[in-house]
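Trainee: What follows is upload06.cif; its format and atoms are mmCIF, C-alpha atoms, pLDDT in the B column; chains and numbers go by the auth columns.
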data_data
#
loop_
_atom_site.group_PDB
_atom_site.id
_atom_site.type_symbol
_atom_site.label_atom_id
_atom_site.label_comp_id
_atom_site.label_asym_id
_atom_site.label_seq_id
_atom_site.Cartn_x
_atom_site.Cartn_y
_atom_site.Cartn_z
_atom_site.B_iso_or_equiv
_atom_site.auth_seq_id
_atom_site.auth_asym_id
ATOM 1 C CA MET A 1 -14.726 -12.993 7.005 62.00 1 A
ATOM 2 C CA ASP A 2 -17.878 -14.097 5.244 65.00 2 A
ATOM 3 C CA SER A 3 -15.898 -16.458 3.026 72.00 3 A
ATOM 4 C CA ILE A 4 -13.709 -18.102 5.678 79.00 4 A
ATOM 5 C CA ARG A 5 -13.849 -21.894 5.750 86.00 5 A
ATOM 6 C CA THR A 6 -15.233 -23.392 8.940 89.00 6 A
ATOM 7 C CA ASP A 7 -12.091 -25.498 9.539 94.00 7 A
ATOM 8 C CA VAL A 8 -9.876 -22.402 9.293 91.00 8 A
ATOM 9 C CA LEU A 9 -12.123 -20.462 11.666 89.00 9 A
ATOM 10 C CA ASP A 10 -12.106 -23.369 14.115 92.00 10 A
ATOM 11 C CA PHE A 11 -8.305 -23.590 13.907 95.00 11 A
ATOM 12 C CA TYR A 12 -7.839 -19.941 14.898 92.00 12 A
ATOM 13 C CA ARG A 13 -10.579 -20.115 17.506 91.00 13 A
ATOM 14 C CA GLY A 14 -8.731 -23.107 18.995 94.00 14 A
ATOM 15 C CA LEU A 15 -5.588 -20.975 19.297 95.00 15 A
ATOM 16 C CA GLY A 16 -7.522 -18.478 21.389 93.00 16 A
ATOM 17 C CA THR A 17 -7.778 -15.886 18.621 91.00 17 A
ATOM 18 C CA LYS A 18 -10.408 -13.215 19.205 86.00 18 A
ATOM 19 C CA ILE A 19 -13.004 -13.624 16.452 85.00 19 A
ATOM 20 C CA ILE A 20 -14.902 -10.519 15.378 80.00 20 A
ATOM 21 C CA ASP A 21 -17.700 -11.278 12.933 76.00 21 A
ATOM 22 C CA GLU A 22 -18.328 -8.255 10.714 73.00 22 A
ATOM 23 C CA SER A 23 -19.792 -10.285 7.835 73.00 23 A
ATOM 24 C CA HIS A 24 -23.022 -8.271 8.007 71.00 24 A
ATOM 25 C CA ASP A 25 -21.081 -5.313 6.550 67.00 25 A
ATOM 26 C CA GLN A 26 -20.787 -5.999 2.829 75.00 26 A
ATOM 27 C CA ASP A 27 -19.810 -2.399 1.948 79.00 27 A
ATOM 28 C CA THR A 28 -16.198 -2.703 3.101 82.00 28 A
ATOM 29 C CA THR A 29 -13.500 -5.308 2.536 82.00 29 A
ATOM 30 C CA ASP A 30 -11.953 -7.507 5.205 83.00 30 A
ATOM 31 C CA LEU A 31 -8.763 -5.434 4.975 88.00 31 A
ATOM 32 C CA HIS A 32 -10.754 -2.219 5.518 90.00 32 A
ATOM 33 C CA LYS A 33 -12.403 -3.739 8.610 87.00 33 A
ATOM 34 C CA CYS A 34 -9.006 -4.820 9.972 87.00 34 A
ATOM 35 C CA VAL A 35 -7.397 -1.423 9.407 90.00 35 A
ATOM 36 C CA ALA A 36 -10.353 0.374 11.001 89.00 36 A
ATOM 37 C CA TYR A 37 -10.132 -1.954 14.010 87.00 37 A
ATOM 38 C CA ILE A 38 -6.371 -1.431 14.356 87.00 38 A
ATOM 39 C CA ARG A 39 -6.740 2.342 14.025 84.00 39 A
ATOM 40 C CA GLU A 40 -9.466 2.411 16.659 82.00 40 A
ATOM 41 C CA LEU A 41 -7.512 0.163 19.005 82.00 41 A
ATOM 42 C CA LEU A 42 -3.930 1.444 18.639 78.00 42 A
ATOM 43 C CA ASN A 43 -3.491 4.594 16.576 61.00 43 A
ATOM 44 C CA PRO A 44 -3.578 7.229 19.361 63.00 44 A
ATOM 45 C CA GLU A 45 -1.087 5.188 21.389 67.00 45 A
ATOM 46 C CA HIS A 46 1.161 4.359 18.416 71.00 46 A
ATOM 47 C CA PRO A 47 1.451 7.376 16.093 70.00 47 A
ATOM 48 C CA ASN A 48 4.255 5.699 14.085 78.00 48 A
ATOM 49 C CA LEU A 49 2.265 2.529 13.456 84.00 49 A
ATOM 50 C CA CYS A 50 2.681 1.014 9.981 90.00 50 A
ATOM 51 C CA ILE A 51 0.518 -1.879 8.781 92.00 51 A
ATOM 52 C CA LEU A 52 2.029 -4.540 6.538 94.00 52 A
ATOM 53 C CA ALA A 53 -0.671 -6.467 4.675 94.00 53 A
ATOM 54 C CA THR A 54 0.670 -9.686 3.171 93.00 54 A
ATOM 55 C CA GLY A 55 -1.287 -11.583 0.543 88.00 55 A
ATOM 56 C CA ALA A 56 -3.042 -8.361 -0.499 87.00 56 A
ATOM 57 C CA LEU A 57 -1.824 -8.621 -4.098 88.00 57 A
ATOM 58 C CA GLY A 58 -1.488 -11.356 -6.686 83.00 58 A
ATOM 59 C CA GLY A 59 -5.010 -12.707 -6.716 82.00 59 A
ATOM 60 C CA ARG A 60 -8.187 -11.440 -8.283 86.00 60 A
ATOM 61 C CA PHE A 61 -7.785 -7.978 -9.795 91.00 61 A
ATOM 62 C CA ASP A 62 -10.990 -6.654 -8.162 91.00 62 A
ATOM 63 C CA HIS A 63 -9.627 -7.721 -4.751 89.00 63 A
ATOM 64 C CA GLU A 64 -6.294 -6.031 -5.480 92.00 64 A
ATOM 65 C CA MET A 65 -8.104 -2.818 -6.420 93.00 65 A
ATOM 66 C CA GLY A 66 -10.223 -3.113 -3.264 93.00 66 A
ATOM 67 C CA ASN A 67 -7.024 -3.344 -1.203 94.00 67 A
ATOM 68 C CA ILE A 68 -5.513 -0.358 -3.015 94.00 68 A
ATOM 69 C CA ASN A 69 -8.735 1.510 -2.255 95.00 69 A
ATOM 70 C CA VAL A 70 -8.218 0.758 1.448 95.00 70 A
ATOM 71 C CA ILE A 71 -4.796 2.418 1.513 94.00 71 A
ATOM 72 C CA CYS A 72 -6.366 5.439 -0.187 93.00 72 A
ATOM 73 C CA ARG A 73 -9.197 5.572 2.363 93.00 73 A
ATOM 74 C CA PHE A 74 -6.712 5.696 5.257 91.00 74 A
ATOM 75 C CA PRO A 75 -4.133 8.191 3.911 89.00 75 A
ATOM 76 C CA SER A 76 -2.828 9.191 7.341 86.00 76 A
ATOM 77 C CA MET A 77 -2.021 5.592 8.303 88.00 77 A
ATOM 78 C CA PRO A 78 0.970 4.027 6.553 91.00 78 A
ATOM 79 C CA ILE A 79 -0.150 0.743 5.000 94.00 79 A
ATOM 80 C CA ILE A 80 2.078 -1.413 2.807 96.00 80 A
ATOM 81 C CA LEU A 81 0.554 -4.037 0.525 96.00 81 A
ATOM 82 C CA LEU A 82 3.053 -6.854 -0.002 94.00 82 A
ATOM 83 C CA SER A 83 3.175 -9.709 -2.485 92.00 83 A
ATOM 84 C CA ASP A 84 5.888 -12.135 -3.543 91.00 84 A
ATOM 85 C CA ASP A 85 6.776 -9.753 -6.371 93.00 85 A
ATOM 86 C CA CYS A 86 6.333 -6.195 -5.113 94.00 86 A
ATOM 87 C CA LEU A 87 5.086 -3.800 -2.500 96.00 87 A
ATOM 88 C CA ILE A 88 2.702 -0.886 -2.889 96.00 88 A
ATOM 89 C CA GLN A 89 2.141 2.057 -0.580 96.00 89 A
ATOM 90 C CA LEU A 90 0.347 5.373 -0.791 96.00 90 A
ATOM 91 C CA LEU A 91 2.415 8.550 -0.939 95.00 91 A
ATOM 92 C CA PRO A 92 -0.001 11.283 0.212 92.00 92 A
ATOM 93 C CA SER A 93 0.409 14.669 -1.443 90.00 93 A
ATOM 94 C CA THR A 94 0.630 16.283 1.996 83.00 94 A
ATOM 95 C CA HIS A 95 4.232 15.081 2.486 85.00 95 A
ATOM 96 C CA HIS A 96 7.621 15.307 0.823 93.00 96 A
ATOM 97 C CA HIS A 97 8.591 11.626 0.733 94.00 97 A
ATOM 98 C CA LYS A 98 12.060 10.247 1.412 96.00 98 A
ATOM 99 C CA ILE A 99 12.075 6.520 0.630 96.00 99 A
ATOM 100 C CA HIS A 100 15.018 4.517 1.971 97.00 100 A
ATOM 101 C CA ILE A 101 15.691 1.681 -0.454 97.00 101 A
ATOM 102 C CA GLN A 102 16.746 -1.658 1.015 94.00 102 A
ATOM 103 C CA SER A 103 18.637 -2.768 -2.095 93.00 103 A
ATOM 104 C CA SER A 104 19.364 -6.243 -0.725 94.00 104 A
ATOM 105 C CA VAL A 105 15.638 -7.103 -0.813 95.00 105 A
ATOM 106 C CA GLU A 106 13.905 -4.589 -3.084 95.00 106 A
ATOM 107 C CA GLY A 107 14.316 -2.973 -6.478 92.00 107 A
ATOM 108 C CA PRO A 108 15.506 -2.090 -8.911 96.00 108 A
ATOM 109 C CA HIS A 109 12.159 -1.821 -10.770 97.00 109 A
ATOM 110 C CA CYS A 110 9.733 0.750 -9.434 97.00 110 A
ATOM 111 C CA GLY A 111 6.841 2.965 -10.421 97.00 111 A
ATOM 112 C CA LEU A 112 4.749 5.943 -9.392 96.00 112 A
ATOM 113 C CA ILE A 113 1.077 5.674 -10.263 95.00 113 A
ATOM 114 C CA PRO A 114 -1.442 8.523 -10.018 94.00 114 A
ATOM 115 C CA ILE A 115 -4.558 7.344 -8.236 89.00 115 A
ATOM 116 C CA GLY A 116 -8.010 8.856 -8.478 83.00 116 A
ATOM 117 C CA THR A 117 -7.013 12.001 -10.332 86.00 117 A
ATOM 118 C CA ALA A 118 -4.284 13.441 -12.521 85.00 118 A
ATOM 119 C CA ALA A 119 -1.059 14.035 -10.613 88.00 119 A
ATOM 120 C CA GLY A 120 0.170 17.511 -11.383 83.00 120 A
ATOM 121 C CA ARG A 121 3.807 18.500 -10.974 91.00 121 A
ATOM 122 C CA THR A 122 5.562 15.439 -9.614 94.00 122 A
ATOM 123 C CA THR A 123 9.306 15.670 -8.953 96.00 123 A
ATOM 124 C CA THR A 124 11.640 12.803 -8.007 97.00 124 A
ATOM 125 C CA THR A 125 15.301 12.137 -7.288 97.00 125 A
ATOM 126 C CA GLY A 126 17.166 8.822 -7.096 98.00 126 A
ATOM 127 C CA LEU A 127 15.575 7.218 -10.174 97.00 127 A
ATOM 128 C CA LYS A 128 17.005 6.429 -13.598 97.00 128 A
ATOM 129 C CA TRP A 129 14.241 8.521 -15.177 97.00 129 A
ATOM 130 C CA ASN A 130 13.507 11.275 -12.666 97.00 130 A
ATOM 131 C CA LEU A 131 10.411 13.398 -13.015 96.00 131 A
ATOM 132 C CA ASP A 132 10.733 17.191 -13.001 96.00 132 A
ATOM 133 C CA LYS A 133 7.382 18.869 -12.291 95.00 133 A
ATOM 134 C CA THR A 134 5.829 16.238 -14.550 94.00 134 A
ATOM 135 C CA GLU A 135 2.086 15.682 -14.845 94.00 135 A
ATOM 136 C CA MET A 136 0.907 12.065 -14.796 94.00 136 A
ATOM 137 C CA ARG A 137 -2.541 10.629 -15.421 91.00 137 A
ATOM 138 C CA PHE A 138 -4.258 7.536 -16.753 89.00 138 A
ATOM 139 C CA GLY A 139 -4.580 7.943 -20.488 90.00 139 A
ATOM 140 C CA GLY A 140 -1.292 9.863 -20.446 91.00 140 A
ATOM 141 C CA LEU A 141 2.076 9.424 -18.764 91.00 141 A
ATOM 142 C CA VAL A 142 2.283 6.906 -15.917 93.00 142 A
ATOM 143 C CA SER A 143 5.728 6.260 -14.418 93.00 143 A
ATOM 144 C CA THR A 144 6.105 2.493 -14.728 93.00 144 A
ATOM 145 C CA SER A 145 9.211 0.372 -15.283 93.00 145 A
ATOM 146 C CA ASN A 146 11.502 2.961 -13.743 97.00 146 A
ATOM 147 C CA ILE A 147 14.758 1.947 -12.052 97.00 147 A
ATOM 148 C CA VAL A 148 16.027 2.877 -8.584 97.00 148 A
ATOM 149 C CA LYS A 149 19.560 4.320 -8.873 97.00 149 A
ATOM 150 C CA GLU A 150 20.176 5.665 -5.342 96.00 150 A
ATOM 151 C CA ASN A 151 19.699 4.422 -1.761 96.00 151 A
ATOM 152 C CA ILE A 152 17.213 7.226 -1.170 97.00 152 A
ATOM 153 C CA VAL A 153 14.391 8.170 -3.526 98.00 153 A
ATOM 154 C CA THR A 154 12.540 11.425 -2.970 97.00 154 A
ATOM 155 C CA VAL A 155 9.046 12.149 -4.251 97.00 155 A
ATOM 156 C CA GLN A 156 7.095 15.405 -4.155 95.00 156 A
ATOM 157 C CA SER A 157 3.701 15.655 -5.847 94.00 157 A
ATOM 158 C CA GLU A 158 0.589 17.801 -5.822 92.00 158 A
ATOM 159 C CA SER A 159 -1.504 14.619 -5.794 92.00 159 A
ATOM 160 C CA ASP A 160 -1.546 11.283 -4.017 93.00 160 A
ATOM 161 C CA LEU A 161 0.544 8.615 -5.755 95.00 161 A
ATOM 162 C CA LEU A 162 1.053 4.897 -5.394 96.00 162 A
ATOM 163 C CA TRP A 163 4.698 3.865 -4.982 97.00 163 A
ATOM 164 C CA THR A 164 5.537 0.359 -6.093 97.00 164 A
ATOM 165 C CA ILE A 165 8.882 -1.416 -6.052 98.00 165 A
ATOM 166 C CA SER A 166 9.866 -4.957 -6.980 97.00 166 A
ATOM 167 C CA ILE A 167 10.865 -7.508 -4.341 95.00 167 A
ATOM 168 C CA LYS A 168 14.007 -9.510 -5.044 93.00 168 A
ATOM 169 C CA LYS A 169 13.704 -13.273 -5.035 85.00 169 A
ATOM 170 C CA GLU A 170 16.501 -15.476 -3.736 72.00 170 A
#
Take the structure in the file and give it back as structure tokens.
Mentor:
Amino acid sequence: MDSIRTDVLDFYRGLGTKIIDESHDQDTTDLHKCVAYIRELLNPEHPNLCILATGALGGRFDHEMGNINVICRFPSMPIILLSDDCLIQLLPSTHHHKIHIQSSVEGPHCGLIPIGTAAGRTTTTGLKWNLDKTEMRFGGLVSTSNIVKENIVTVQSESDLLWTISIKKE
């Protein structure tokens, strides 16, 4: 929280919020520090814990990429990055993913993005343009601007992927 304004800090301190100053650590982002703290504090007691990070998208691109990096650094902890327009979450290659679509609030636009390396043999169901053992990589095919067609989307891949889906506005 090295960039927090004094008045904001004082406001939360006045509410009795526990303030943990980790500003000496400039090698990790604020989101990384928060996730590490939550994991240390709660993870063994709450194995189904999922973190929803609001405001993690829609600002500076380097900050967005830093937040995406955080979800990649904690692959065993479900973390959803949420903006006004979309959500992003990591789909680790270690799982067969079954995504339940809440069509009243999300979709229909979605995408699967390989992160860090080429994604070999990705297969999906429930999309307008399903993938069938398809390789994706930057500089090649990346599954953007797809459309959700079913209430359940399944994803199986040999590599970690980012799942993104649009958020409906009222």
Trainee: So, counting only C-alpha atoms, which residue among A:Met77, A:Leu9, A:Val153, A:Ile68 is closest to A:His100?
Mentor: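 Nearest candidate to A:His100 out of A:Met77, A:Leu9, A:Val153, A:Ile68: A:Val153.
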Trainee: Would you be able to write out as a ChimeraX atom specification which residues have an atom within 10 Å of (10.3, -6.5, -4.0) in the file's coordinates, counting all atoms listed in the file?
Mentor: /A:82-88,102-110,164-169
Trainee: Would you list the contacts of stretch 129-141 of chain A as a ChimeraX atom specification, taking every protein, DNA or RNA residue within 12 Å and counting all atoms listed in the file, but skipping same-chain residues closer than 5 positions in sequence?
Mentor: /A:109-124,146-150,153-162
Trainee: In Å, how far is it from atom CA of A:Lys98 to atom CA of A:Gly55?
Mentor: 25.6 Å
Trainee: I need the output of the PyMOL selection byres ((chain A and resi 26-32) around 8) for this file as a list in words; which residues are they?
Mentor: Met1, Ser23, His24, Asp25, Lys33, Cys34, Val35, Ala36, Gly66, Asn67 and Val70 of chain A
Trainee: Can you tell me which residues surround A:Ala53 at a distance of at most 8 Å, considering only C-alpha atoms, apart from same-chain residues fewer than 2 positions away, and format the answer as a list in words?
Mentor: Ile51, Gly55, Ala56, Ile79, Ile80, Leu81 and Leu82 of chain A
Trainee: Measure the distance from atom CA of A:Asn151 to atom CA of A:Ile99 in Å and round it to one decimal.
Mentor: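 Atom CA of A:Ile99 lies at a distance of 8.3 Å from atom CA of A:Asn151.
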Trainee: Hey, can you check how far atom CA of A:Leu41 sits from atom CA of A:Ser93?
Mentor: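 Atom-to-atom, atom CA of A:Leu41 and atom CA of A:Ser93 are spaced 26.3 Å apart.
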Trainee: Go through A:Asp10, A:Ile152, A:Ile4, A:Asp62 one by one, measure the shortest atom-to-atom distance of each to A:Glu22 using only C-alpha atoms, and give the residue with the smallest value.
Mentor: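 Nearest candidate to A:Glu22 out of A:Asp10, A:Ile152, A:Ile4, A:Asp62: A:Ile4.
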Trainee: Pick the closest to A:Ile101 from A:Leu127, A:Val142, A:Pro75, A:Met65: which is it, counting only C-alpha atoms?
Mentor: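 Counting only C-alpha atoms, the residue closest to A:Ile101 is A:Leu127.
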Trainee: Find the residues around A:Ser76 up to 10 Å (all atoms listed in the file counted), leave out those fewer than 2 positions away in its own chain, and share them as a list in words.
Mentor: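 Here the answer would be Pro47, Ile71, Cys72, Arg73, Phe74, Pro78, Ile79, Leu90, Leu91, Pro92 and Thr94 of chain A.
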